[in-house]
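*Asks:* I'd like to ask some things about the structure below.
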Amino acid sequence: MNKAIYIATSEENSGKSIVTLGLMSMLIGKTAKVGYFRPIIEDTEEGGFDNHIETVIGHFGLDIQFEDAYAITKSKLIKKKNKGKIGEVLDLIIEKYKKLEERFDFVLVEGTSFTGEGTVIELDMNVLIAKNLGIPTIIVGSGVGKTLEELIDSLYLAYDSFKVKDVEVLAVIANKVQPNNIELVTNGLKKSLPESVLVNSIPLIHNLNNPTLQEIVNELDAKVLFGAAHLNNQTGNFSVGAMQLCNYLLHLKENSLVITPGDRADIILGALQANESVNYPSISGIVLTGNILPEISILKLIEGLSTVVPIIAVEEGTYYITNKIGSIKSKIYANNKQKIEISISTFEKYVDLDNLAEKLITFEAEGMTPKMFQYNLVKRARQHRKHIVLPEGNDERIIIAASRLLAMDVVDISIIGNKKQIENKVAELGLEFDFSKVDIINPIESENYDDYVNTYFELRKGKNVTLGMAKDLMEDVSYFGTMMVYKGHADGMVSGAAHTTQHTILPALQFIKTKPNSSVVSSIFFMCLEDRVSVFGDCAINPNPTAEQLAEIAISSADSSLAFGIEPKIAMLSYSSGSSGKGDEVDKVRTATEIVRKKRPDLKIEGPIQYDAAVDMEVGKSKMPNSEVAGQASVLIFPDLNTGNNTYKAVQRETGALAIGPMLQGLNKPVNDLSRGCTVDDIINTVVITAIQAQGL
């Protein structure tokens with residue numbers, strides 16, 4: 001079941017608050033626990049609160065602290081973007097959202113409001129956030145000041161911005177539409193958008209657009225003379241009292257706001273009397289301009305009235321104040337129950353609640369973004385903490401990675417190396433490094449050295465290994481680290497930053513050995529592309545696998561994919577697609593595909609298939625229109641090491657994709673190999689996936 005919805009707009013003053021409030025009311029009626037989250041908020045004064053968050057939490061009584069309901073302020077976001085650190089922002093947003101997702105049955109996520117600095121990046125940022133949270137979107141747009149064509153075009157462009165990044169749009173809502181144009185707008189949008197998108201239109205509600213007296217007081221920094229208890233009065237139209245009273249009374253309408261200089265006692269008293277009279281409409285309040293207060297006698301008269309609407313005083317002149325009030329963009333506040341209730345009832349009246357609720361419940365996200373994948377990796381590793389040994393303690397990258405892993409508090413670590421040298425390197429690099437949490441081991445000095453030597457000798461004496469040879473090999477960091485894993489003194493090992501693949505995995509092949517149902521050790525990379533994570537195998541171990549080995553690699557890769565939260569759709573790659581190709585290499589892939597189908601009929605698999613047909617939907621449909629895999633493959637199996645290794649490196653370099661791995665498959669216990677050109681991030685990611693592998697044993 002889908003657990004969240006993202007409310008987005010592409011413009012200021014779209015009125016998305018009405019959708020937020022209406023949706024929240026609907027969700028609370030259908031779901032036990034509903035959460036609320038704003039990834040980005042406007043900057044607030046110190047000690048202040050974001051109005052959207054305060055209103056939703058306050059009105060619905062949500063069990064959320066203010067600081068948990070948002071991730072970052074807009075000014076901090078802009079600073080991060082200018083420094084090229086949007087990735088850090090996404091990490092923070094995902095982390096805070098996930099905490100709410102764990103606590104609540106459903107989370108309503110509200111996007112930015114397009115006010116103040118940084119509006120040019122907001123649409124792209126909202127698309128990026130929704131994509132990385134893996135949640136569908138409702139788009140809201142305003143009809144104010146737009147022709148029918150302009151409104152439809154603006155909403156379609158917003159829809160397309162999300163859809164092109166594979167963010168599902170469940171509904172599009174045209175807000176603030178003239179009441180007599182509701183049907184026209186709805187039908188126009190339905191013609192423009194796919195049938196799968198729910199379309200609704202909400203009319204312009206003047207009571208929601210016009211400011212309250214409290215908003216006017218705040219905006220004008222006005223002094224409240226009377227009627228402080230009624231500052232939530234909603235204004236209707238406003239007019240200036242500059243003519244004779246008898247003529248001005250003809251201009252009063254329901255909830256009129258009277259604007260007049262402070263010395264016009266006739267207008268002030270006449271308006272107050274009209275408010276009492278059954279023959280005239282009620283007024284919402286009076287604004288006294290020009291820094292002029294009525295005479296004391298007039299003030300005393302007003303004081304004695306049984307009912308007094310708010311009367312406020314400002315310093316500026318009538319012309320300036322009238323324009324200023326006309327420019328106020330009304331908001332909904334937590335204490336304005338009337339506006340909130342109008343918003344909810346309007347939403348319920350004009351939005352197809354049953355269809356929307358059905359879409360929210362039945363939506364299933366497809367694929368996984370790299371950021372979400374990495375977040376889930378760390379989260380899973382923390383859940384069942386494992387102990388990983390790093391044999392290459394003399395490598396600077398290993399030391400830096402260990403420092404960061406300690407800060408992440410995700411795994412327990414042992415490092416094989418010289419403690420004094422490691423301490424010197426930590427000091428030289430200026431790292432924070434808690435040595436009390438790391439076991440630094442010199443093999444010869446280890447209390448386990450003799451036991452490891454004897455164990456290896458017993459395991460390998462049938463292969464003509466002598467005790468002296470065993471002693472020499474146990475001084476080797478790769479053999480010592482692997483023996484730690486074999487003996488259960490560590491749950492997994494990550495090596496290869498300073499050693500060859502052969503040097504890293506040979507000890508594992510000698511005595512950790514393969515699983516009972518595995519005849520081949522293979523590898524996969526998790527390729528974190530811009531908008532998805534794909535599994536590539538085998539790109540590191542087997543030079544030229546047989547059809548049987550290729551089938552086993554495919555099955556192992558599919559199981560690994562599933563274990564890491566990626567639905568496996570296997571593409572058995574070749575230089576031709578379907579039955580058209582001829583030759584030994586194509587036949588090998590075709591045979592391997594059939595073996596997988598017989599052994600694992602539960603798996604979705606296609607082969608032989610070309611790379612473009614496997615990953616591009618249009619190409620896939622044209623070449624293999626009836627395939628469940630073509631165009632949407634998530635597990636790509638290469639026919640040989642030459643093809644796989646070159647392809648993963650080409651994709652990595654040309655697209656900027658993050659390649660996590662290689663992760664070895666088929667061993668009884670996890671040992672993983674690094675590239676000698678690995679980065680610190682590569683080491684961290686490999687340690688984390690090794691820890692997760694160890695959880696499954």
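Labels used: A, B, ... for chains in the order of the structure tokens, numbers from 1 for residues in each chain, and numbers from 1 for ligands as shown.
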Would you please give, as a PyMOL selection string, all residues of region 557-615 of chain A that DSSP assigns to strand (DSSP E or B) based on the backbone?

*Replies:* chain A and resi 569-573+604-609

*Asks:* For the selection just defined, write its residues with N, CA, C and O atoms to a file, as a short mmCIF file (atom, residue, chain, number, x, y, z; two decimals), in the first residue's frame.

*Replies:*
```cif
data_model
loop_
_atom_site.label_atom_id
_atom_site.label_comp_id
_atom_site.auth_asym_id
_atom_site.auth_seq_id
_atom_site.Cartn_x
_atom_site.Cartn_y
_atom_site.Cartn_z
N LYS A 569 13.77 -8.04 -12.79
CA LYS A 569 13.32 -8.31 -14.15
C LYS A 569 14.60 -8.52 -14.95
O LYS A 569 15.31 -7.57 -15.24
N ILE A 570 14.88 -9.77 -15.30
CA ILE A 570 16.21 -10.16 -15.78
C ILE A 570 16.30 -10.06 -17.30
O ILE A 570 15.48 -10.64 -18.02
N ALA A 571 17.33 -9.36 -17.75
CA ALA A 571 17.65 -9.30 -19.17
C ALA A 571 18.95 -10.05 -19.40
O ALA A 571 19.99 -9.69 -18.86
N MET A 572 18.90 -11.12 -20.20
CA MET A 572 20.08 -11.89 -20.56
C MET A 572 20.64 -11.26 -21.85
O MET A 572 20.12 -11.46 -22.95
N LEU A 573 21.69 -10.48 -21.70
CA LEU A 573 22.14 -9.61 -22.77
C LEU A 573 22.94 -10.34 -23.84
O LEU A 573 23.71 -11.27 -23.55
N LYS A 604 10.88 -13.26 -13.71
CA LYS A 604 10.64 -12.64 -15.02
C LYS A 604 11.99 -12.52 -15.73
O LYS A 604 12.91 -11.90 -15.21
N ILE A 605 12.09 -13.12 -16.93
CA ILE A 605 13.37 -13.14 -17.62
C ILE A 605 13.15 -13.04 -19.13
O ILE A 605 12.14 -13.52 -19.64
N GLU A 606 14.08 -12.39 -19.80
CA GLU A 606 14.03 -12.27 -21.25
C GLU A 606 15.44 -12.44 -21.80
O GLU A 606 16.39 -11.89 -21.25
N GLY A 607 15.58 -13.21 -22.87
CA GLY A 607 16.88 -13.35 -23.47
C GLY A 607 16.85 -14.30 -24.65
O GLY A 607 15.98 -15.19 -24.71
N PRO A 608 17.74 -14.11 -25.60
CA PRO A 608 18.71 -13.02 -25.67
C PRO A 608 18.00 -11.69 -25.93
O PRO A 608 16.98 -11.66 -26.60
N ILE A 609 18.60 -10.59 -25.44
CA ILE A 609 18.05 -9.26 -25.66
C ILE A 609 19.20 -8.25 -25.67
O ILE A 609 20.16 -8.40 -24.91
#
```

*Asks:* Which of region 34-226 of chain A end up as helix (DSSP H, G or I) when DSSP is run on this backbone - answer as a compact mmCIF listing (two decimals) with N, CA and C atoms, in the first residue's frame?

*Replies:*
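After the write, out.txt holds the following:
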```txt
# COMPACT_ATOMS: atom_id res chain seq x y z
N ASN A 51 3.85 28.68 9.16
CA ASN A 51 2.40 28.76 9.31
C ASN A 51 1.70 27.50 8.83
N HIS A 52 2.14 26.92 7.71
CA HIS A 52 1.51 25.70 7.20
C HIS A 52 1.57 24.59 8.24
N ILE A 53 2.76 24.40 8.80
CA ILE A 53 2.95 23.33 9.79
C ILE A 53 2.12 23.60 11.03
N GLU A 54 2.17 24.82 11.51
CA GLU A 54 1.43 25.19 12.73
C GLU A 54 -0.07 24.98 12.54
N THR A 55 -0.59 25.35 11.36
CA THR A 55 -2.02 25.22 11.09
C THR A 55 -2.46 23.76 11.06
N VAL A 56 -1.72 22.94 10.30
CA VAL A 56 -2.12 21.53 10.15
C VAL A 56 -1.97 20.76 11.46
N ILE A 57 -0.83 20.92 12.12
CA ILE A 57 -0.61 20.21 13.38
C ILE A 57 -1.60 20.68 14.43
N GLY A 58 -1.82 22.01 14.50
CA GLY A 58 -2.72 22.57 15.52
C GLY A 58 -4.17 22.17 15.31
N HIS A 59 -4.65 22.30 14.09
CA HIS A 59 -6.07 22.02 13.85
C HIS A 59 -6.40 20.55 13.99
N PHE A 60 -5.54 19.69 13.46
CA PHE A 60 -5.85 18.26 13.46
C PHE A 60 -5.26 17.53 14.67
N PHE A 66 7.31 20.30 15.91
CA PHE A 66 7.56 21.19 14.77
C PHE A 66 8.84 20.84 14.03
N GLU A 67 9.93 20.60 14.78
CA GLU A 67 11.23 20.34 14.14
C GLU A 67 11.24 19.02 13.38
N ASP A 68 10.30 18.11 13.67
CA ASP A 68 10.23 16.84 12.95
C ASP A 68 9.40 16.94 11.67
N LYS A 74 14.50 27.41 3.24
CA LYS A 74 14.86 27.72 1.85
C LYS A 74 16.23 28.37 1.74
N SER A 75 16.57 29.24 2.67
CA SER A 75 17.88 29.91 2.60
C SER A 75 19.02 28.91 2.72
N LYS A 76 18.85 27.92 3.61
CA LYS A 76 19.89 26.89 3.75
C LYS A 76 19.96 26.01 2.50
N LEU A 77 18.80 25.75 1.91
CA LEU A 77 18.76 24.98 0.67
C LEU A 77 19.56 25.68 -0.43
N ILE A 78 19.35 26.99 -0.57
CA ILE A 78 20.04 27.75 -1.62
C ILE A 78 21.54 27.73 -1.39
N LYS A 79 21.96 27.86 -0.14
CA LYS A 79 23.40 27.80 0.16
C LYS A 79 23.98 26.44 -0.21
N LYS A 80 23.25 25.37 0.12
CA LYS A 80 23.71 24.02 -0.21
C LYS A 80 23.79 23.85 -1.73
N LYS A 81 22.79 24.36 -2.44
CA LYS A 81 22.77 24.22 -3.90
C LYS A 81 23.96 24.96 -4.52
N ASN A 82 24.23 26.16 -4.02
CA ASN A 82 25.34 26.95 -4.55
C ASN A 82 26.69 26.27 -4.33
N ILE A 86 23.37 19.47 -3.18
CA ILE A 86 21.95 19.08 -3.19
C ILE A 86 21.79 17.65 -2.68
N GLY A 87 22.79 16.81 -2.95
CA GLY A 87 22.73 15.42 -2.46
C GLY A 87 22.57 15.35 -0.95
N GLU A 88 23.27 16.22 -0.23
CA GLU A 88 23.15 16.25 1.23
C GLU A 88 21.74 16.65 1.65
N VAL A 89 21.14 17.59 0.90
CA VAL A 89 19.76 18.02 1.20
C VAL A 89 18.81 16.84 1.03
N LEU A 90 18.96 16.12 -0.08
CA LEU A 90 18.08 14.96 -0.32
C LEU A 90 18.25 13.90 0.75
N ASP A 91 19.48 13.67 1.18
CA ASP A 91 19.73 12.70 2.26
C ASP A 91 18.97 13.09 3.52
N LEU A 92 19.02 14.38 3.86
CA LEU A 92 18.34 14.87 5.06
C LEU A 92 16.83 14.73 4.91
N ILE A 93 16.29 15.11 3.75
CA ILE A 93 14.85 15.02 3.51
C ILE A 93 14.37 13.57 3.62
N ILE A 94 15.11 12.67 2.98
CA ILE A 94 14.73 11.25 3.04
C ILE A 94 14.77 10.73 4.47
N GLU A 95 15.82 11.09 5.20
CA GLU A 95 15.95 10.62 6.58
C GLU A 95 14.79 11.09 7.45
N LYS A 96 14.42 12.37 7.34
CA LYS A 96 13.35 12.90 8.19
C LYS A 96 11.98 12.36 7.76
N TYR A 97 11.79 12.22 6.44
CA TYR A 97 10.54 11.64 5.96
C TYR A 97 10.38 10.20 6.43
N LYS A 98 11.45 9.43 6.33
CA LYS A 98 11.38 8.02 6.70
C LYS A 98 11.03 7.83 8.18
N LYS A 99 11.51 8.73 9.01
CA LYS A 99 11.17 8.64 10.43
C LYS A 99 9.67 8.82 10.64
N LEU A 100 9.06 9.74 9.89
CA LEU A 100 7.61 9.92 9.98
C LEU A 100 6.88 8.73 9.38
N GLU A 101 7.39 8.21 8.27
CA GLU A 101 6.77 7.07 7.62
C GLU A 101 6.70 5.86 8.56
N GLU A 102 7.74 5.70 9.37
CA GLU A 102 7.77 4.60 10.32
C GLU A 102 6.72 4.77 11.43
N ARG A 103 6.44 6.03 11.79
CA ARG A 103 5.52 6.30 12.91
C ARG A 103 4.06 6.32 12.49
N THR A 119 12.71 30.95 -6.07
CA THR A 119 11.54 30.33 -6.70
C THR A 119 11.89 29.63 -8.01
N VAL A 120 12.97 30.06 -8.67
CA VAL A 120 13.31 29.48 -9.98
C VAL A 120 13.70 28.01 -9.88
N ILE A 121 14.15 27.57 -8.72
CA ILE A 121 14.58 26.17 -8.58
C ILE A 121 13.52 25.29 -7.94
N GLU A 122 12.38 25.90 -7.56
CA GLU A 122 11.44 25.16 -6.72
C GLU A 122 10.74 24.01 -7.43
N LEU A 123 10.31 24.22 -8.69
CA LEU A 123 9.62 23.14 -9.38
C LEU A 123 10.53 21.93 -9.53
N ASP A 124 11.76 22.17 -10.02
CA ASP A 124 12.71 21.06 -10.17
C ASP A 124 12.99 20.38 -8.84
N MET A 125 13.06 21.18 -7.78
CA MET A 125 13.34 20.62 -6.46
C MET A 125 12.18 19.77 -5.97
N ASN A 126 10.95 20.21 -6.22
CA ASN A 126 9.78 19.42 -5.82
C ASN A 126 9.72 18.10 -6.58
N VAL A 127 10.05 18.15 -7.87
CA VAL A 127 10.08 16.92 -8.67
C VAL A 127 11.14 15.97 -8.11
N LEU A 128 12.30 16.52 -7.81
CA LEU A 128 13.41 15.71 -7.29
C LEU A 128 13.06 15.07 -5.95
N ILE A 129 12.39 15.82 -5.09
CA ILE A 129 12.02 15.30 -3.76
C ILE A 129 10.98 14.18 -3.90
N ALA A 130 9.94 14.44 -4.69
CA ALA A 130 8.90 13.42 -4.86
C ALA A 130 9.49 12.15 -5.46
N LYS A 131 10.41 12.32 -6.42
CA LYS A 131 11.06 11.17 -7.06
C LYS A 131 11.85 10.37 -6.04
N ASN A 132 12.63 11.05 -5.23
CA ASN A 132 13.49 10.35 -4.28
C ASN A 132 12.74 9.79 -3.09
N LEU A 133 11.59 10.34 -2.77
CA LEU A 133 10.76 9.75 -1.71
C LEU A 133 9.92 8.59 -2.26
N LEU A 148 -8.44 30.25 -20.24
CA LEU A 148 -8.62 28.79 -20.17
C LEU A 148 -7.39 28.08 -20.74
N GLU A 149 -6.91 28.56 -21.87
CA GLU A 149 -5.76 27.93 -22.52
C GLU A 149 -4.51 28.04 -21.64
N GLU A 150 -4.31 29.20 -21.02
CA GLU A 150 -3.14 29.40 -20.16
C GLU A 150 -3.18 28.50 -18.93
N LEU A 151 -4.37 28.33 -18.34
CA LEU A 151 -4.52 27.48 -17.16
C LEU A 151 -4.23 26.02 -17.52
N ILE A 152 -4.80 25.55 -18.63
CA ILE A 152 -4.58 24.17 -19.04
C ILE A 152 -3.11 23.93 -19.37
N ASP A 153 -2.51 24.89 -20.09
CA ASP A 153 -1.09 24.76 -20.46
C ASP A 153 -0.19 24.72 -19.23
N SER A 154 -0.46 25.59 -18.26
CA SER A 154 0.40 25.65 -17.06
C SER A 154 0.30 24.37 -16.24
N LEU A 155 -0.91 23.82 -16.13
CA LEU A 155 -1.07 22.57 -15.38
C LEU A 155 -0.48 21.39 -16.13
N TYR A 156 -0.59 21.39 -17.46
CA TYR A 156 0.00 20.30 -18.22
C TYR A 156 1.52 20.34 -18.13
N LEU A 157 2.10 21.53 -18.18
CA LEU A 157 3.56 21.66 -18.07
C LEU A 157 4.05 21.15 -16.71
N ALA A 158 3.28 21.48 -15.66
CA ALA A 158 3.64 20.98 -14.32
C ALA A 158 3.53 19.46 -14.28
N TYR A 159 2.43 18.93 -14.85
CA TYR A 159 2.25 17.48 -14.93
C TYR A 159 3.42 16.83 -15.66
N ASP A 160 3.80 17.40 -16.81
CA ASP A 160 4.87 16.84 -17.63
C ASP A 160 6.21 16.88 -16.91
N SER A 161 6.43 17.93 -16.10
CA SER A 161 7.69 18.05 -15.35
C SER A 161 7.87 16.88 -14.39
N PHE A 162 6.78 16.43 -13.79
CA PHE A 162 6.85 15.29 -12.88
C PHE A 162 6.90 13.97 -13.66
N LYS A 163 6.07 13.88 -14.69
CA LYS A 163 5.95 12.61 -15.42
C LYS A 163 7.23 12.25 -16.15
N PRO A 179 -16.66 30.38 -10.77
CA PRO A 179 -17.69 29.33 -10.60
C PRO A 179 -18.38 28.91 -11.89
N ASN A 180 -18.63 29.87 -12.78
CA ASN A 180 -19.35 29.52 -14.01
C ASN A 180 -18.44 28.83 -15.04
N ASN A 181 -17.13 28.72 -14.73
CA ASN A 181 -16.19 28.07 -15.65
C ASN A 181 -15.73 26.68 -15.18
N ILE A 182 -16.29 26.20 -14.09
CA ILE A 182 -15.85 24.94 -13.50
C ILE A 182 -15.90 23.79 -14.51
N GLU A 183 -17.03 23.60 -15.15
CA GLU A 183 -17.19 22.49 -16.09
C GLU A 183 -16.27 22.65 -17.30
N LEU A 184 -16.15 23.89 -17.77
CA LEU A 184 -15.31 24.18 -18.93
C LEU A 184 -13.85 23.82 -18.66
N VAL A 185 -13.35 24.21 -17.47
CA VAL A 185 -11.96 23.93 -17.09
C VAL A 185 -11.74 22.43 -16.91
N THR A 186 -12.66 21.78 -16.22
CA THR A 186 -12.53 20.34 -15.96
C THR A 186 -12.48 19.54 -17.26
N ASN A 187 -13.39 19.85 -18.18
CA ASN A 187 -13.41 19.13 -19.46
C ASN A 187 -12.16 19.42 -20.28
N GLY A 188 -11.70 20.66 -20.23
CA GLY A 188 -10.49 21.02 -20.97
C GLY A 188 -9.27 20.27 -20.46
N LEU A 189 -9.16 20.14 -19.16
CA LEU A 189 -8.03 19.41 -18.56
C LEU A 189 -8.11 17.92 -18.87
N LYS A 190 -9.31 17.37 -18.85
CA LYS A 190 -9.47 15.94 -19.14
C LYS A 190 -9.03 15.60 -20.56
N LYS A 191 -9.27 16.53 -21.49
CA LYS A 191 -8.84 16.31 -22.87
C LYS A 191 -7.32 16.38 -22.99
N SER A 192 -6.70 17.19 -22.12
CA SER A 192 -5.25 17.41 -22.20
C SER A 192 -4.45 16.34 -21.47
N HIS A 206 -14.23 33.63 -2.27
CA HIS A 206 -13.76 34.95 -1.82
C HIS A 206 -13.45 34.97 -0.33
N ASN A 207 -14.20 34.21 0.44
CA ASN A 207 -13.95 34.17 1.89
C ASN A 207 -12.56 33.64 2.22
N LEU A 208 -12.01 32.83 1.32
CA LEU A 208 -10.68 32.29 1.55
C LEU A 208 -9.59 33.21 1.00
N ASN A 209 -9.93 33.97 -0.04
CA ASN A 209 -8.93 34.84 -0.66
C ASN A 209 -8.75 36.16 0.07
N LEU A 213 -9.02 40.49 9.59
CA LEU A 213 -8.52 41.70 10.25
C LEU A 213 -7.17 41.45 10.89
N GLN A 214 -6.96 40.24 11.41
CA GLN A 214 -5.67 39.92 12.03
C GLN A 214 -4.54 39.99 11.01
N GLU A 215 -4.78 39.48 9.80
CA GLU A 215 -3.76 39.55 8.75
C GLU A 215 -3.47 41.00 8.38
N ILE A 216 -4.52 41.83 8.33
CA ILE A 216 -4.33 43.24 8.00
C ILE A 216 -3.53 43.94 9.09
N VAL A 217 -3.83 43.63 10.35
CA VAL A 217 -3.08 44.20 11.48
C VAL A 217 -1.61 43.83 11.36
N ASN A 218 -1.34 42.56 11.08
CA ASN A 218 0.05 42.10 10.97
C ASN A 218 0.77 42.77 9.81
N GLU A 219 0.09 42.86 8.67
CA GLU A 219 0.73 43.40 7.47
C GLU A 219 0.98 44.91 7.59
N LEU A 220 0.05 45.63 8.23
CA LEU A 220 0.16 47.09 8.31
C LEU A 220 0.79 47.56 9.61
```

*Asks:* Between A:Phe106, A:Phe238, A:Tyr452, A:Tyr479, which is the closest to Thr212 (chain A) once you count only C-alpha atoms?

*Replies:*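 The shortest atom-to-atom distance to Thr212 (chain A) comes from A:Phe238.
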
*Asks:* Closest to Leu467 (chain A) among A:Asn454, A:Ser297, A:Thr679, A:Gln65, using only C-alpha atoms?

*Replies:*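 Answer, going by the shortest atom-to-atom distance: A:Asn454.
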
*Asks:* Have a look at CA of Asp616 (chain A) and CA of Gln632 (chain A) and let me know their distance in Å, one decimal.

*Replies:*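 Between CA of Asp616 (chain A) and CA of Gln632 (chain A) the gap is 7.0 Å.
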
*Asks:* List as a ChimeraX atom specification the protein and nucleic acid residues near Gln510 (chain A), meaning an atom at most 9 Å away when only C-alpha atoms are counted, but skip any in the same chain fewer than 4 places from it.

*Replies:* /A:459-460,505-506

*Asks:* Which residues come within 10 Å of Asp409 (chain A), counting only C-alpha atoms, excluding same-chain residues fewer than 5 positions away, as a list in words?

*Replies:*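 Answer for this query is Val378, Ala381, Arg382, Arg385, Ser403 and Arg404 of chain A.
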
*Asks:* I need the residues from that last selection saved to file as an mmCIF file, in the first residue's frame (with N, CA, C and O atoms), if you can.

*Replies:*
```cif
data_model
loop_
_atom_site.group_PDB
_atom_site.id
_atom_site.type_symbol
_atom_site.label_atom_id
_atom_site.label_comp_id
_atom_site.auth_asym_id
_atom_site.auth_seq_id
_atom_site.Cartn_x
_atom_site.Cartn_y
_atom_site.Cartn_z
ATOM 1 N N VAL A 378 21.725 1.791 4.489
ATOM 2 C CA VAL A 378 22.224 2.194 5.815
ATOM 3 C C VAL A 378 21.228 1.811 6.905
ATOM 4 O O VAL A 378 21.605 1.312 7.973
ATOM 5 N N ALA A 381 21.399 -1.924 7.493
ATOM 6 C CA ALA A 381 22.644 -2.305 8.165
ATOM 7 C C ALA A 381 22.573 -1.985 9.650
ATOM 8 O O ALA A 381 23.081 -2.737 10.492
ATOM 9 N N ARG A 382 21.945 -0.879 9.999
ATOM 10 C CA ARG A 382 21.837 -0.484 11.414
ATOM 11 C C ARG A 382 20.914 -1.406 12.194
ATOM 12 O O ARG A 382 21.090 -1.601 13.396
ATOM 13 N N ARG A 385 23.145 -5.004 13.531
ATOM 14 C CA ARG A 385 24.546 -4.568 13.429
ATOM 15 C C ARG A 385 25.492 -5.755 13.243
ATOM 16 O O ARG A 385 25.389 -6.765 13.922
ATOM 17 N N SER A 403 36.686 6.094 9.692
ATOM 18 C CA SER A 403 36.290 7.250 10.497
ATOM 19 C C SER A 403 34.835 7.630 10.232
ATOM 20 O O SER A 403 34.059 7.885 11.159
ATOM 21 N N ARG A 404 34.461 7.651 8.952
ATOM 22 C CA ARG A 404 33.077 8.017 8.599
ATOM 23 C C ARG A 404 32.083 6.942 9.019
ATOM 24 O O ARG A 404 30.962 7.237 9.444
#
```

*Asks:* Residues of region 436-530 of chain A that approach region 549-564 of chain A to 7 Å or less, counting only C-alpha atoms: could you list each one with the shortest pair of atoms and its distance in Å to one decimal, rows by chain and increasing residue number, as JSON lines?

*Replies:*
```
{"residue": "A:Val520", "atom": "CA", "partner": "A:Gln549", "partner_atom": "CA", "distance": 6.7}
{"residue": "A:Ser522", "atom": "CA", "partner": "A:Ile553", "partner_atom": "CA", "distance": 6.3}
{"residue": "A:Ile524", "atom": "CA", "partner": "A:Ser557", "partner_atom": "CA", "distance": 6.7}
```

*Asks:* Quick one: everything within 10 Å of Gly661 (chain A), counting only C-alpha atoms, minus sequence neighbours fewer than 2 positions away in the same chain. Send it as a PyMOL selection string.

*Replies:* chain A and resi 523-527+536+539-540+658-659+663-664+672-675+678+682-683+685-687+689-690

*Asks:* Under the rule that only C-alpha atoms are counted, which of A:Asp640, A:Asp531, A:Glu618, A:Asp266 is the nearest residue to Lys165 (chain A)?

*Replies:* A:Asp531

*Asks:* Could you list, as a ChimeraX atom specification, every residue within 10 Å of Glu341 (chain A), counting only C-alpha atoms and ignoring same-chain residues fewer than 4 positions away?

*Replies:* /A:18,21-22,336-337,345-347

*Asks:* Residues of the last selection are to be written out with C-alpha atoms, as a CSV table (one decimal), in the first residue's frame.

*Replies:*
```
chain,number,residue,atom,x,y,z
A,18,ILE,CA,-7.3,24.0,0.7
A,21,LEU,CA,-6.6,20.7,4.7
A,22,GLY,CA,-9.2,18.8,2.6
A,336,ASN,CA,-9.0,30.8,12.1
A,337,LYS,CA,-11.4,27.9,12.4
A,345,SER,CA,-16.1,21.7,3.1
A,346,THR,CA,-15.2,23.2,-0.3
A,347,PHE,CA,-12.6,20.5,-1.0
```

*Asks:* Please list as a PyMOL selection string every residue within 7 Å of region 429-442 of chain A, counting only C-alpha atoms and excluding residues in the same chain fewer than 4 positions away.

*Replies:* chain A and resi 403+413-419+425+446

*Asks:* Could you please determine the separation between CA of Leu198 (chain A) and CA of Thr9 (chain A) in Å, to one decimal place?

*Replies:*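 Going from CA of Leu198 (chain A) over to CA of Thr9 (chain A) covers 15.8 Å.
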
*Asks:* Which value, in Å to one decimal, gives the distance between CA of Lys300 (chain A) and CA of His251 (chain A)?

*Replies:*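 Separation of CA of Lys300 (chain A) and CA of His251 (chain A): 26.9 Å.
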